[in-house]
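Read through the structure below, which is laid out as structure tokens, and then see the notes.
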Amino acid sequence: MITSWHNRQSCGDITEAHVNQSITLAGWVDTTRDHGQLLFIHLRDRSGTMQIVCDRNQNEGIYNQSKALRSEFVVLITGTVHMRSEHTINSDMLSGTIEVAATTITVLSKAKTPPFMVSEKSSEKMDVTVDEDTRLQYRFLDLRRSPMQHYIIGRSRMIRSLRNTLDAAQFIDIETPFLTKSTPEGARDYLVPSRTHKKAFFALPQSPQLFKQLLMMSGFERYYQVVRCFRDEDLRPNRQPEFTQLDIEASFINEADIRNLTHSLLAAAFDSNGIAIPNAFPCMTFDDAMNRYGSDAPDTRFGLTFTDLTAHFTPCNYGIFTTIIESGGVIKGFALPQLADHISKNALQNDLAKTVIQACGGKGLTWIKVRPDNQFESNVAQFFTTEQLLASRDALNAKPGDIMLLVADTSLDTVNTVLGKLRLHLANRFNLIPKGVFSGCWVIDFPLFEETDAGLASRHHPFTQPAEAIHEDMSPSQLLAIKARAYDIVINGQEIGGGSIRIHDPQQQALIFKCLRLSDADIDQKFGFFINALAYGTPPHGGLALGLDRLASIILDAPSIRDVIAFPKNRVAFCPLTKAPSTVDQHQLNELHITHIDDPLL
RNA sequence: GGAGGCGUAGUUCAGUUGGUCUAGAACGCCGGCCUGUCACGCCGGAAGUCGAGGGUUCGAGCCCCUUCGUCUCCGCCA
């Protein structure tokens with residue numbers, strides 16, 4: 001048996017320049033087409049596909065051998081490269097002008113019939129998508145498909161470009177522990193029981209936050225790591241329980257330095273897959289993002305930004321507005337351009353104003369169609385004066401054919417978030433989001449704290465430096481008004497990274513913990529090692545982490561972040577391939593001093 | 001944790017008011033024929049615990065209950 005593949009060439013490298021040469025190819029049988037006396041094979045490897053011809057008149061033995069080939073067999077083929085005759089050229093194939101007349105075929109591996117077709121002709125041309133759980137169960141076959149190879153290889157290229165950029169800027173790649181200490185803030189930890197320390201647990205890191213700050217204290221000045229992070233929370237289409245971050249920290253820097261570095265990284269990442277991005281992304285304050293887009297991750301690929309109309313309706317004859325204004329509420333809205341003739345009164349009244357707005361978290365929606373000649377059409381137009389309608393129209397910059405959509409509520413936050421969800425809903429529904437566009441922005445001036453059921457909490461994390469002075473005796477509402485030296489980078493409405501300038505002064509750090517109502521005992525138990533380290537000479541420092549799964553899915557235009565992860569978990573954080581997580585042997589539990597509680601009520 | 005959708009052949013799906021359903025189609029698979037295909041074509045064939053369990057009924061793929069799996073949205077995600 002001939003198994004000499006050391007001189008093999010790749011399908012994608014064979015061109016018309018190889019005509020009349022004898023070559024050796026190795027790969028998977030993509031398809032075969034048997035014409036009786038003539039059989040075609042599409043041979044696929046990582047680089048592409050090549051048509052192999054087995055002609056009974058030329059080589060009867062090869063033809064007979066080829067009849068036994070089946071999809072996904074692994075074969076070694078030698079043959080001679082030929083030009084195809086003019087009428088047999090396949091313009092859909094990169095190698096469509098040439099083909100290889102086989103002289104030997106060696107089957108290196110047979111294959112069972114796959115549960116779904118690996119060949120490209122399956123999914124793309126037949127418009128059939130296989131259930132994702134089946135794809136994940138047979139991920140090794142799914143990854144053989146050319147779109148998936150494109151995603152995984154593109155991700156590799158992207159990460160290499162990021163590493164090259166950081167290496168060139170003297171950043172040092174340092175690994176940090178996966179088995180580490182559970183920190184109570186933030187997401188739920190994945191826990192790992194310790195065998196050697198009874199009743200004690202490691203936690204998998206939600207991010208290497210404290211370690212990268214410790215590395216700054218150690219004097220490495222510039223650190224990076226492509227690192228897996230773990231959060232035990234419910235999944236979303238763009239969320240995985242384990243995900244990859246480009247984690248960065250540097251000393252003696254400020255926000256502008258971080259933004260410049262990040263931008264050069266993003267430029268390199270997009271460029272690695274052939275996309276040019278603008279020279280810089282604009283900054284938007286958190287307040288602006290909420291007031292104009294209703295989200296802290298504004299999708300800036302399209303307009304529909306909000307304007308406050310409260311003043312225009314003070315006073316008015318519309319009871320709902322009057323009540324809301326009198327209790328200190330606001331009325332805001334935006335103009336939906338040129339859809340007045342495409343959305344019926346019925347759709348506005350029953351679908352948008354009832355169903356959709358409720359799904360967005362709102363109580364109601366006021367719609368006013370703008371007609372030519374200063375005419376307005378609405379179920380509530382009669383409550384407003386012409387002056388009010390004209391002023392609203394001008395404030396929203398609405399044109400004839402537009403629909404003005406207004407939301408009123410006693411809470412500004414509610415109005416903003418409801419409008420924000422409505423904005424995204426309408427943009428998706430009416431295809432208002434341009435394709436192939438990458439629009440990014442920095443969101444800055446975040447609040448340092450936020451209010452939760454359990455009281456005040458850090459919005460970013462408790463190591464974030466306040467942008468202004470904090471005093472111990474400040475009230476919660478005063479503290480909520482304090483801004484943080486934190487920043488997020490948002491692309492196409494997805495938060496793909498964020499970071500902050502950190503606290504390097506132990507006193508300030510202690511003050512933050514105090515504001516968060518952490519007891520000294522709590523602080524010592526949870527962060528004692530870190531507080532201790534802060535006191536030994538900490539340089540001013542800050543950093544950022546980029547979500548590489550999201551970034552790759554944006555750059556590669558993948559339908560889901562799961563498509564740019566080789567072996568992702570499904571929606572319920574289960575791996576259909578390995579069947580993880582799974583139960584373990586009793587003796588393993590015994591070693592770990594773990595007992596199951598069967599009764600869920602216990 | 002809450003709400004909703006889906007579960008029928010290897011895959012993607014159809015299956016009407018509960019009664020020719022002895023459950024179909026397409027692709028795939030198996031066999032046969034075919035010398036220029038590339039979604040090859042033609043002929044034939046195999047392939048199903050209708051997710052599971054229970055109930056209603058003379059009769060259940062279809063209705064009801066339970067349960068499992070999965071997807072979507074919300075909560076959650078410093």
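Residue names in the structure tokens use chain letters A, B, ... in the order shown, residue numbers from 1 in each chain, and ligand numbers from 1 in the order shown.
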
Please provide the set of residues having any atom within 8 Å of B:U11, restricted to only C-alpha atoms (C1' of nucleotides), with same-chain residues fewer than 2 positions apart removed, written as a PDB file with N, CA, C and O atoms (P, O5', C5', C4', C3', O3' and C1' of nucleotides), in the first residue's frame.
```
ATOM      1  N   PRO A 115     -24.239  11.809   9.824  1.00  0.00           N
ATOM      2  CA  PRO A 115     -25.633  12.125  10.153  1.00  0.00           C
ATOM      3  C   PRO A 115     -26.166  13.335   9.382  1.00  0.00           C
ATOM      4  O   PRO A 115     -27.366  13.512   9.271  1.00  0.00           O
ATOM      5  N   PHE A 116     -25.259  14.162   8.903  1.00  0.00           N
ATOM      6  CA  PHE A 116     -25.694  15.251   8.020  1.00  0.00           C
ATOM      7  C   PHE A 116     -24.591  15.438   6.997  1.00  0.00           C
ATOM      8  O   PHE A 116     -23.454  15.006   7.201  1.00  0.00           O
ATOM      9  N   VAL A 130     -29.170  22.305   9.621  1.00  0.00           N
ATOM     10  CA  VAL A 130     -29.292  21.192  10.549  1.00  0.00           C
ATOM     11  C   VAL A 130     -29.435  21.741  11.959  1.00  0.00           C
ATOM     12  O   VAL A 130     -28.812  22.743  12.307  1.00  0.00           O
TER      13      VAL A 130
ATOM     14  P     C B  27     -34.771  14.380  -4.171  1.00  0.00           P
ATOM     15  O5'   C B  27     -33.550  14.511  -3.156  1.00  0.00           O
ATOM     16  C5'   C B  27     -32.743  15.673  -3.166  1.00  0.00           C
ATOM     17  C4'   C B  27     -31.977  15.799  -1.880  1.00  0.00           C
ATOM     18  C3'   C B  27     -31.032  14.651  -1.552  1.00  0.00           C
ATOM     19  O3'   C B  27     -29.802  14.730  -2.249  1.00  0.00           O
ATOM     20  C1'   C B  27     -32.276  15.200   0.366  1.00  0.00           C
ATOM     21  P     G B  28     -29.076  13.409  -2.722  1.00  0.00           P
ATOM     22  O5'   G B  28     -28.683  12.710  -1.338  1.00  0.00           O
ATOM     23  C5'   G B  28     -27.692  13.287  -0.501  1.00  0.00           C
ATOM     24  C4'   G B  28     -27.632  12.539   0.806  1.00  0.00           C
ATOM     25  C3'   G B  28     -27.329  11.050   0.693  1.00  0.00           C
ATOM     26  O3'   G B  28     -25.943  10.808   0.569  1.00  0.00           O
ATOM     27  C1'   G B  28     -29.159  11.369   2.137  1.00  0.00           C
TER      28        G B  28
END
```

Practice prompt. Return the neighbours of chain B among the residues of chain A, cut-off 6 Å, counting only C-alpha atoms (C1' of nucleotides), as a list in words.
Written response: His35, Gly36, Gln37, Leu38, Pro115, Phe116, Glu185, Gly186, His460 and His461 of chain A

Write the residues of the preceding selection, restricted to C-alpha atoms, as a compact mmCIF listing (two decimals), in the first residue's frame.
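File produced: selection-v8.txt:
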```
# COMPACT_ATOMS: atom_id res chain seq x y z
CA HIS A 35 -21.46 8.10 -15.04
CA GLY A 36 -21.03 4.44 -15.78
CA GLN A 37 -17.76 4.55 -17.65
CA LEU A 38 -16.60 7.75 -15.99
CA PRO A 115 -25.63 12.12 10.15
CA PHE A 116 -25.69 15.25 8.02
CA GLU A 185 -19.01 40.14 43.43
CA GLY A 186 -20.48 39.78 39.98
CA HIS A 460 -18.02 47.78 36.78
CA HIS A 461 -16.08 46.28 39.68
```

Extract, using only C-alpha atoms (C1' of nucleotides), all DNA, RNA and protein residues at most 8 Å from stretch 293-310 of chain A, discarding same-chain residues fewer than 3 positions from it, and format them as an mmCIF file with C-alpha atoms, in the first residue's frame.
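Contents of out.cif, as written:
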```cif
data_model
loop_
_atom_site.group_PDB
_atom_site.id
_atom_site.type_symbol
_atom_site.label_atom_id
_atom_site.label_comp_id
_atom_site.auth_asym_id
_atom_site.auth_seq_id
_atom_site.Cartn_x
_atom_site.Cartn_y
_atom_site.Cartn_z
ATOM 1 C CA PHE A 286 -23.201 56.850 29.358
ATOM 2 C CA ASP A 288 -25.962 60.291 26.182
ATOM 3 C CA ALA A 289 -26.115 56.623 25.260
ATOM 4 C CA MET A 290 -29.095 56.085 27.537
ATOM 5 C CA PHE A 313 -46.677 68.883 25.982
ATOM 6 C CA THR A 314 -46.678 70.988 29.152
ATOM 7 C CA ILE A 325 -45.884 65.187 33.571
ATOM 8 C CA VAL A 330 -41.046 62.538 30.778
ATOM 9 C CA ILE A 331 -42.262 62.150 27.214
ATOM 10 C CA LYS A 332 -39.695 61.147 24.644
ATOM 11 C CA GLY A 333 -39.802 59.769 21.163
ATOM 12 C CA PHE A 334 -38.273 59.364 17.751
ATOM 13 C CA ALA A 335 -39.363 59.542 14.132
ATOM 14 C CA LEU A 336 -39.650 56.337 12.127
ATOM 15 C CA SER A 392 -43.006 67.875 18.108
ATOM 16 C CA ALA A 395 -38.131 68.559 17.412
ATOM 17 C CA LEU A 396 -38.040 64.985 16.090
ATOM 18 C CA ASN A 416 -35.180 55.306 27.770
ATOM 19 C CA THR A 417 -35.001 51.535 27.995
ATOM 20 C CA VAL A 418 -38.467 51.040 26.485
ATOM 21 C CA LEU A 419 -37.604 53.312 23.578
ATOM 22 C CA GLY A 420 -34.272 51.512 23.276
ATOM 23 C CA LYS A 421 -35.918 48.129 22.871
ATOM 24 C CA ARG A 423 -35.829 51.121 18.442
ATOM 25 C CA LEU A 432 -33.195 49.601 8.891
ATOM 26 C CA ILE A 433 -29.780 48.205 9.851
ATOM 27 C CA PRO A 434 -27.274 48.483 6.994
ATOM 28 C CA VAL A 437 -21.202 48.192 8.192
ATOM 29 C CA PHE A 438 -19.070 48.318 11.333
ATOM 30 C CA SER A 439 -19.961 51.167 13.619
ATOM 31 C CA GLY A 440 -18.166 51.469 16.895
ATOM 32 C CA CYS A 441 -18.108 53.858 19.796
ATOM 33 C CA VAL A 443 -19.114 54.596 26.081
ATOM 34 C CA VAL A 490 -19.217 48.874 21.578
ATOM 35 C CA ILE A 491 -19.444 47.705 17.975
ATOM 36 C CA ASN A 492 -22.754 47.325 16.165
ATOM 37 C CA GLY A 493 -24.665 47.420 19.423
ATOM 38 C CA GLN A 494 -22.609 44.677 21.050
ATOM 39 C CA GLU A 495 -20.376 45.338 24.014
#
```

Worksheet item: Between B:A14, B:G69, B:U8, B:C21, which is the closest to B:U49 once you count only C-alpha atoms (C1' of nucleotides)?
Response: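 Of B:A14, B:G69, B:U8, B:C21, the one nearest B:U49, counting only C-alpha atoms (C1' of nucleotides), is B:U8.
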
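Checking B:C13, B:C6, B:A25, B:C50 one by one against B:C62, counting only C-alpha atoms (C1' of nucleotides), you find the shortest gap at B:C50.
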
Item to complete: Work out how far apart atom CA of A:His82 and atom CA of A:Ile52 are and give it in Å to one decimal.
Response: 10.0 Å

Discussion item. Residues near A:Val226, anyone? I mean within 7 Å using only C-alpha atoms (C1' of nucleotides), not counting same-chain ones fewer than 5 positions away, as JSON, numbers by chain.
Written reply: {"A": [244, 245, 246, 247]}

Export of prior selection with N, CA and C atoms as a PDB file, in the first residue's frame:
```pdb
ATOM      1  N   THR A 244     -13.641  33.577  25.763  1.00  0.00           N
ATOM      2  CA  THR A 244     -12.240  33.971  25.668  1.00  0.00           C
ATOM      3  C   THR A 244     -12.121  35.483  25.625  1.00  0.00           C
ATOM      4  N   GLN A 245     -11.255  35.998  26.481  1.00  0.00           N
ATOM      5  CA  GLN A 245     -10.995  37.434  26.489  1.00  0.00           C
ATOM      6  C   GLN A 245      -9.548  37.705  26.125  1.00  0.00           C
ATOM      7  N   LEU A 246      -9.334  38.821  25.463  1.00  0.00           N
ATOM      8  CA  LEU A 246      -7.991  39.376  25.387  1.00  0.00           C
ATOM      9  C   LEU A 246      -7.882  40.327  26.574  1.00  0.00           C
ATOM     10  N   ASP A 247      -7.127  39.890  27.561  1.00  0.00           N
ATOM     11  CA  ASP A 247      -7.039  40.621  28.816  1.00  0.00           C
ATOM     12  C   ASP A 247      -5.769  41.474  28.795  1.00  0.00           C
TER      13      ASP A 247
END
```

Fill in: Test item: residues at most 12 Å from A:Ser95, only C-alpha atoms (C1' of nucleotides), excluding those fewer than 2 positions along its chain, as a PyMOL selection string
(chain A and resi 10-19+42-44+47-52+81-84+89-93+97-100) or (chain B and resi 38)

Discussion item. Report, in Å with one decimal, the straight-line distance from atom CA of A:Thr176 to atom CA of A:Ser519.
Written reply: 28.2 Å

Could you give me the residues within stretch 53-169 of chain A that DSSP places in helix (DSSP H, G or I), as a PDB file with N, CA and C atoms, in the first residue's frame?
```pdb
ATOM      1  N   GLU A  60      -8.880   1.383 -16.375  1.00  0.00           N
ATOM      2  CA  GLU A  60     -10.017   0.603 -15.908  1.00  0.00           C
ATOM      3  C   GLU A  60      -9.887   0.254 -14.428  1.00  0.00           C
ATOM      4  N   GLY A  61      -8.665  -0.037 -13.990  1.00  0.00           N
ATOM      5  CA  GLY A  61      -8.462  -0.397 -12.590  1.00  0.00           C
ATOM      6  C   GLY A  61      -8.847   0.735 -11.658  1.00  0.00           C
ATOM      7  N   ILE A  62      -8.429   1.942 -11.987  1.00  0.00           N
ATOM      8  CA  ILE A  62      -8.754   3.100 -11.159  1.00  0.00           C
ATOM      9  C   ILE A  62     -10.260   3.334 -11.133  1.00  0.00           C
ATOM     10  N   TYR A  63     -10.877   3.193 -12.294  1.00  0.00           N
ATOM     11  CA  TYR A  63     -12.325   3.402 -12.329  1.00  0.00           C
ATOM     12  C   TYR A  63     -13.027   2.416 -11.406  1.00  0.00           C
ATOM     13  N   ASN A  64     -12.658   1.138 -11.509  1.00  0.00           N
ATOM     14  CA  ASN A  64     -13.311   0.121 -10.676  1.00  0.00           C
ATOM     15  C   ASN A  64     -13.065   0.400  -9.196  1.00  0.00           C
ATOM     16  N   GLN A  65     -11.851   0.849  -8.884  1.00  0.00           N
ATOM     17  CA  GLN A  65     -11.519   1.152  -7.494  1.00  0.00           C
ATOM     18  C   GLN A  65     -12.352   2.332  -6.988  1.00  0.00           C
ATOM     19  N   SER A  66     -12.530   3.319  -7.847  1.00  0.00           N
ATOM     20  CA  SER A  66     -13.211   4.545  -7.428  1.00  0.00           C
ATOM     21  C   SER A  66     -14.677   4.302  -7.092  1.00  0.00           C
ATOM     22  N   GLU A  86     -13.376  23.304 -22.745  1.00  0.00           N
ATOM     23  CA  GLU A  86     -14.069  24.568 -22.498  1.00  0.00           C
ATOM     24  C   GLU A  86     -15.483  24.408 -21.934  1.00  0.00           C
ATOM     25  N   HIS A  87     -16.230  23.453 -22.478  1.00  0.00           N
ATOM     26  CA  HIS A  87     -17.629  23.319 -22.050  1.00  0.00           C
ATOM     27  C   HIS A  87     -17.765  22.549 -20.736  1.00  0.00           C
ATOM     28  N   THR A  88     -16.650  22.119 -20.139  1.00  0.00           N
ATOM     29  CA  THR A  88     -16.762  21.427 -18.856  1.00  0.00           C
ATOM     30  C   THR A  88     -16.164  22.254 -17.716  1.00  0.00           C
ATOM     31  N   GLU A 120     -20.324  20.972   0.930  1.00  0.00           N
ATOM     32  CA  GLU A 120     -20.870  22.312   0.835  1.00  0.00           C
ATOM     33  C   GLU A 120     -22.190  22.355   0.076  1.00  0.00           C
ATOM     34  N   LYS A 121     -22.371  21.399  -0.836  1.00  0.00           N
ATOM     35  CA  LYS A 121     -23.594  21.419  -1.641  1.00  0.00           C
ATOM     36  C   LYS A 121     -24.826  21.233  -0.756  1.00  0.00           C
ATOM     37  N   SER A 122     -24.613  20.668   0.433  1.00  0.00           N
ATOM     38  CA  SER A 122     -25.750  20.412   1.301  1.00  0.00           C
ATOM     39  C   SER A 122     -26.396  21.684   1.808  1.00  0.00           C
ATOM     40  N   SER A 123     -25.725  22.324   2.749  1.00  0.00           N
ATOM     41  CA  SER A 123     -26.387  23.415   3.470  1.00  0.00           C
ATOM     42  C   SER A 123     -26.614  24.645   2.602  1.00  0.00           C
ATOM     43  N   GLU A 124     -25.579  25.074   1.898  1.00  0.00           N
ATOM     44  CA  GLU A 124     -25.684  26.365   1.231  1.00  0.00           C
ATOM     45  C   GLU A 124     -26.616  26.336   0.032  1.00  0.00           C
ATOM     46  N   LYS A 125     -26.476  25.309  -0.780  1.00  0.00           N
ATOM     47  CA  LYS A 125     -27.262  25.320  -2.008  1.00  0.00           C
ATOM     48  C   LYS A 125     -28.667  24.781  -1.790  1.00  0.00           C
ATOM     49  N   MET A 126     -28.845  23.957  -0.753  1.00  0.00           N
ATOM     50  CA  MET A 126     -30.172  23.407  -0.549  1.00  0.00           C
ATOM     51  C   MET A 126     -30.941  24.166   0.512  1.00  0.00           C
ATOM     52  N   GLU A 132     -28.973  22.677  15.619  1.00  0.00           N
ATOM     53  CA  GLU A 132     -27.657  22.946  16.183  1.00  0.00           C
ATOM     54  C   GLU A 132     -27.222  21.887  17.189  1.00  0.00           C
ATOM     55  N   ASP A 133     -28.156  21.282  17.875  1.00  0.00           N
ATOM     56  CA  ASP A 133     -27.756  20.251  18.827  1.00  0.00           C
ATOM     57  C   ASP A 133     -27.144  19.039  18.117  1.00  0.00           C
ATOM     58  N   THR A 134     -27.691  18.713  16.951  1.00  0.00           N
ATOM     59  CA  THR A 134     -27.106  17.625  16.154  1.00  0.00           C
ATOM     60  C   THR A 134     -25.723  18.013  15.666  1.00  0.00           C
ATOM     61  N   ARG A 135     -25.584  19.254  15.234  1.00  0.00           N
ATOM     62  CA  ARG A 135     -24.267  19.728  14.813  1.00  0.00           C
ATOM     63  C   ARG A 135     -23.270  19.649  15.964  1.00  0.00           C
ATOM     64  N   LEU A 136     -23.711  20.036  17.168  1.00  0.00           N
ATOM     65  CA  LEU A 136     -22.795  20.014  18.303  1.00  0.00           C
ATOM     66  C   LEU A 136     -22.454  18.588  18.719  1.00  0.00           C
ATOM     67  N   GLN A 137     -23.415  17.673  18.577  1.00  0.00           N
ATOM     68  CA  GLN A 137     -23.153  16.287  18.935  1.00  0.00           C
ATOM     69  C   GLN A 137     -22.090  15.693  18.006  1.00  0.00           C
ATOM     70  N   ARG A 139     -19.761  17.554  16.388  1.00  0.00           N
ATOM     71  CA  ARG A 139     -19.031  18.780  16.089  1.00  0.00           C
ATOM     72  C   ARG A 139     -17.816  18.518  15.202  1.00  0.00           C
ATOM     73  N   PHE A 140     -17.170  17.356  15.362  1.00  0.00           N
ATOM     74  CA  PHE A 140     -15.997  17.053  14.536  1.00  0.00           C
ATOM     75  C   PHE A 140     -16.373  17.017  13.067  1.00  0.00           C
ATOM     76  N   LEU A 141     -17.597  16.639  12.739  1.00  0.00           N
ATOM     77  CA  LEU A 141     -18.037  16.670  11.343  1.00  0.00           C
ATOM     78  C   LEU A 141     -18.494  18.065  10.945  1.00  0.00           C
ATOM     79  N   ASP A 142     -19.180  18.722  11.877  1.00  0.00           N
ATOM     80  CA  ASP A 142     -19.651  20.076  11.614  1.00  0.00           C
ATOM     81  C   ASP A 142     -18.464  20.988  11.280  1.00  0.00           C
ATOM     82  N   SER A 146     -17.009  23.674   5.209  1.00  0.00           N
ATOM     83  CA  SER A 146     -16.156  24.795   4.833  1.00  0.00           C
ATOM     84  C   SER A 146     -16.528  26.124   5.511  1.00  0.00           C
ATOM     85  N   PRO A 147     -17.813  26.442   5.755  1.00  0.00           N
ATOM     86  CA  PRO A 147     -18.067  27.699   6.474  1.00  0.00           C
ATOM     87  C   PRO A 147     -17.460  27.678   7.876  1.00  0.00           C
ATOM     88  N   MET A 148     -17.496  26.521   8.526  1.00  0.00           N
ATOM     89  CA  MET A 148     -16.953  26.430   9.883  1.00  0.00           C
ATOM     90  C   MET A 148     -15.429  26.522   9.860  1.00  0.00           C
ATOM     91  N   GLN A 149     -14.810  25.915   8.856  1.00  0.00           N
ATOM     92  CA  GLN A 149     -13.354  26.036   8.726  1.00  0.00           C
ATOM     93  C   GLN A 149     -12.987  27.508   8.556  1.00  0.00           C
ATOM     94  N   HIS A 150     -13.812  28.203   7.771  1.00  0.00           N
ATOM     95  CA  HIS A 150     -13.578  29.633   7.546  1.00  0.00           C
ATOM     96  C   HIS A 150     -13.621  30.402   8.864  1.00  0.00           C
ATOM     97  N   TYR A 151     -14.620  30.106   9.707  1.00  0.00           N
ATOM     98  CA  TYR A 151     -14.744  30.818  10.983  1.00  0.00           C
ATOM     99  C   TYR A 151     -13.566  30.514  11.911  1.00  0.00           C
ATOM    100  N   ILE A 152     -13.228  29.252  12.031  1.00  0.00           N
ATOM    101  CA  ILE A 152     -12.193  28.862  12.998  1.00  0.00           C
ATOM    102  C   ILE A 152     -10.824  29.365  12.540  1.00  0.00           C
ATOM    103  N   ILE A 153     -10.564  29.277  11.229  1.00  0.00           N
ATOM    104  CA  ILE A 153      -9.284  29.760  10.714  1.00  0.00           C
ATOM    105  C   ILE A 153      -9.229  31.287  10.801  1.00  0.00           C
ATOM    106  N   GLY A 154     -10.345  31.944  10.525  1.00  0.00           N
ATOM    107  CA  GLY A 154     -10.399  33.398  10.632  1.00  0.00           C
ATOM    108  C   GLY A 154     -10.173  33.871  12.057  1.00  0.00           C
ATOM    109  N   ARG A 155     -10.701  33.118  13.000  1.00  0.00           N
ATOM    110  CA  ARG A 155     -10.487  33.447  14.419  1.00  0.00           C
ATOM    111  C   ARG A 155      -9.004  33.327  14.764  1.00  0.00           C
ATOM    112  N   SER A 156      -8.384  32.268  14.280  1.00  0.00           N
ATOM    113  CA  SER A 156      -6.956  32.076  14.530  1.00  0.00           C
ATOM    114  C   SER A 156      -6.146  33.244  13.973  1.00  0.00           C
ATOM    115  N   ARG A 157      -6.521  33.650  12.764  1.00  0.00           N
ATOM    116  CA  ARG A 157      -5.822  34.772  12.128  1.00  0.00           C
ATOM    117  C   ARG A 157      -6.008  36.045  12.949  1.00  0.00           C
ATOM    118  N   MET A 158      -7.225  36.247  13.430  1.00  0.00           N
ATOM    119  CA  MET A 158      -7.521  37.437  14.220  1.00  0.00           C
ATOM    120  C   MET A 158      -6.681  37.455  15.499  1.00  0.00           C
ATOM    121  N   ILE A 159      -6.637  36.334  16.190  1.00  0.00           N
ATOM    122  CA  ILE A 159      -5.908  36.287  17.466  1.00  0.00           C
ATOM    123  C   ILE A 159      -4.413  36.473  17.233  1.00  0.00           C
ATOM    124  N   ARG A 160      -3.906  35.906  16.134  1.00  0.00           N
ATOM    125  CA  ARG A 160      -2.495  36.101  15.832  1.00  0.00           C
ATOM    126  C   ARG A 160      -2.186  37.585  15.625  1.00  0.00           C
ATOM    127  N   SER A 161      -3.081  38.285  14.940  1.00  0.00           N
ATOM    128  CA  SER A 161      -2.843  39.713  14.682  1.00  0.00           C
ATOM    129  C   SER A 161      -2.863  40.507  15.991  1.00  0.00           C
ATOM    130  N   LEU A 162      -3.720  40.098  16.930  1.00  0.00           N
ATOM    131  CA  LEU A 162      -3.758  40.773  18.229  1.00  0.00           C
ATOM    132  C   LEU A 162      -2.460  40.527  18.998  1.00  0.00           C
ATOM    133  N   ARG A 163      -2.012  39.290  18.990  1.00  0.00           N
ATOM    134  CA  ARG A 163      -0.762  38.960  19.693  1.00  0.00           C
ATOM    135  C   ARG A 163       0.415  39.711  19.076  1.00  0.00           C
ATOM    136  N   ASN A 164       0.458  39.758  17.757  1.00  0.00           N
ATOM    137  CA  ASN A 164       1.557  40.450  17.088  1.00  0.00           C
ATOM    138  C   ASN A 164       1.574  41.926  17.473  1.00  0.00           C
ATOM    139  N   THR A 165       0.375  42.533  17.497  1.00  0.00           N
ATOM    140  CA  THR A 165       0.289  43.954  17.835  1.00  0.00           C
ATOM    141  C   THR A 165       0.786  44.203  19.256  1.00  0.00           C
ATOM    142  N   LEU A 166       0.369  43.333  20.180  1.00  0.00           N
ATOM    143  CA  LEU A 166       0.760  43.527  21.579  1.00  0.00           C
ATOM    144  C   LEU A 166       2.233  43.210  21.792  1.00  0.00           C
ATOM    145  N   ASP A 167       2.745  42.181  21.121  1.00  0.00           N
ATOM    146  CA  ASP A 167       4.170  41.866  21.220  1.00  0.00           C
ATOM    147  C   ASP A 167       4.995  43.057  20.742  1.00  0.00           C
ATOM    148  N   ALA A 168       4.563  43.649  19.637  1.00  0.00           N
ATOM    149  CA  ALA A 168       5.297  44.781  19.082  1.00  0.00           C
ATOM    150  C   ALA A 168       5.277  45.975  20.033  1.00  0.00           C
TER     151      ALA A 168
END
```

Worksheet item: Between atom CA of A:Asn350 and atom CA of A:Thr386, what is the spacing in Å?
Response: 25.6 Å

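Nearest residue to B:G31 among B:G19, B:G51, B:G4, B:G45 is B:G45, counting only C-alpha atoms (C1' of nucleotides).
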
Discussion item. With only C-alpha atoms (C1' of nucleotides) as the counted atoms, please give the residues lying no more than 12 Å from A:Gly542, apart from itself and same-chain residues fewer than 6 positions off, as a PyMOL selection string.
Written reply: chain A and resi 209-210+212-217+221-223+247-259+463-465+485-487+498-504
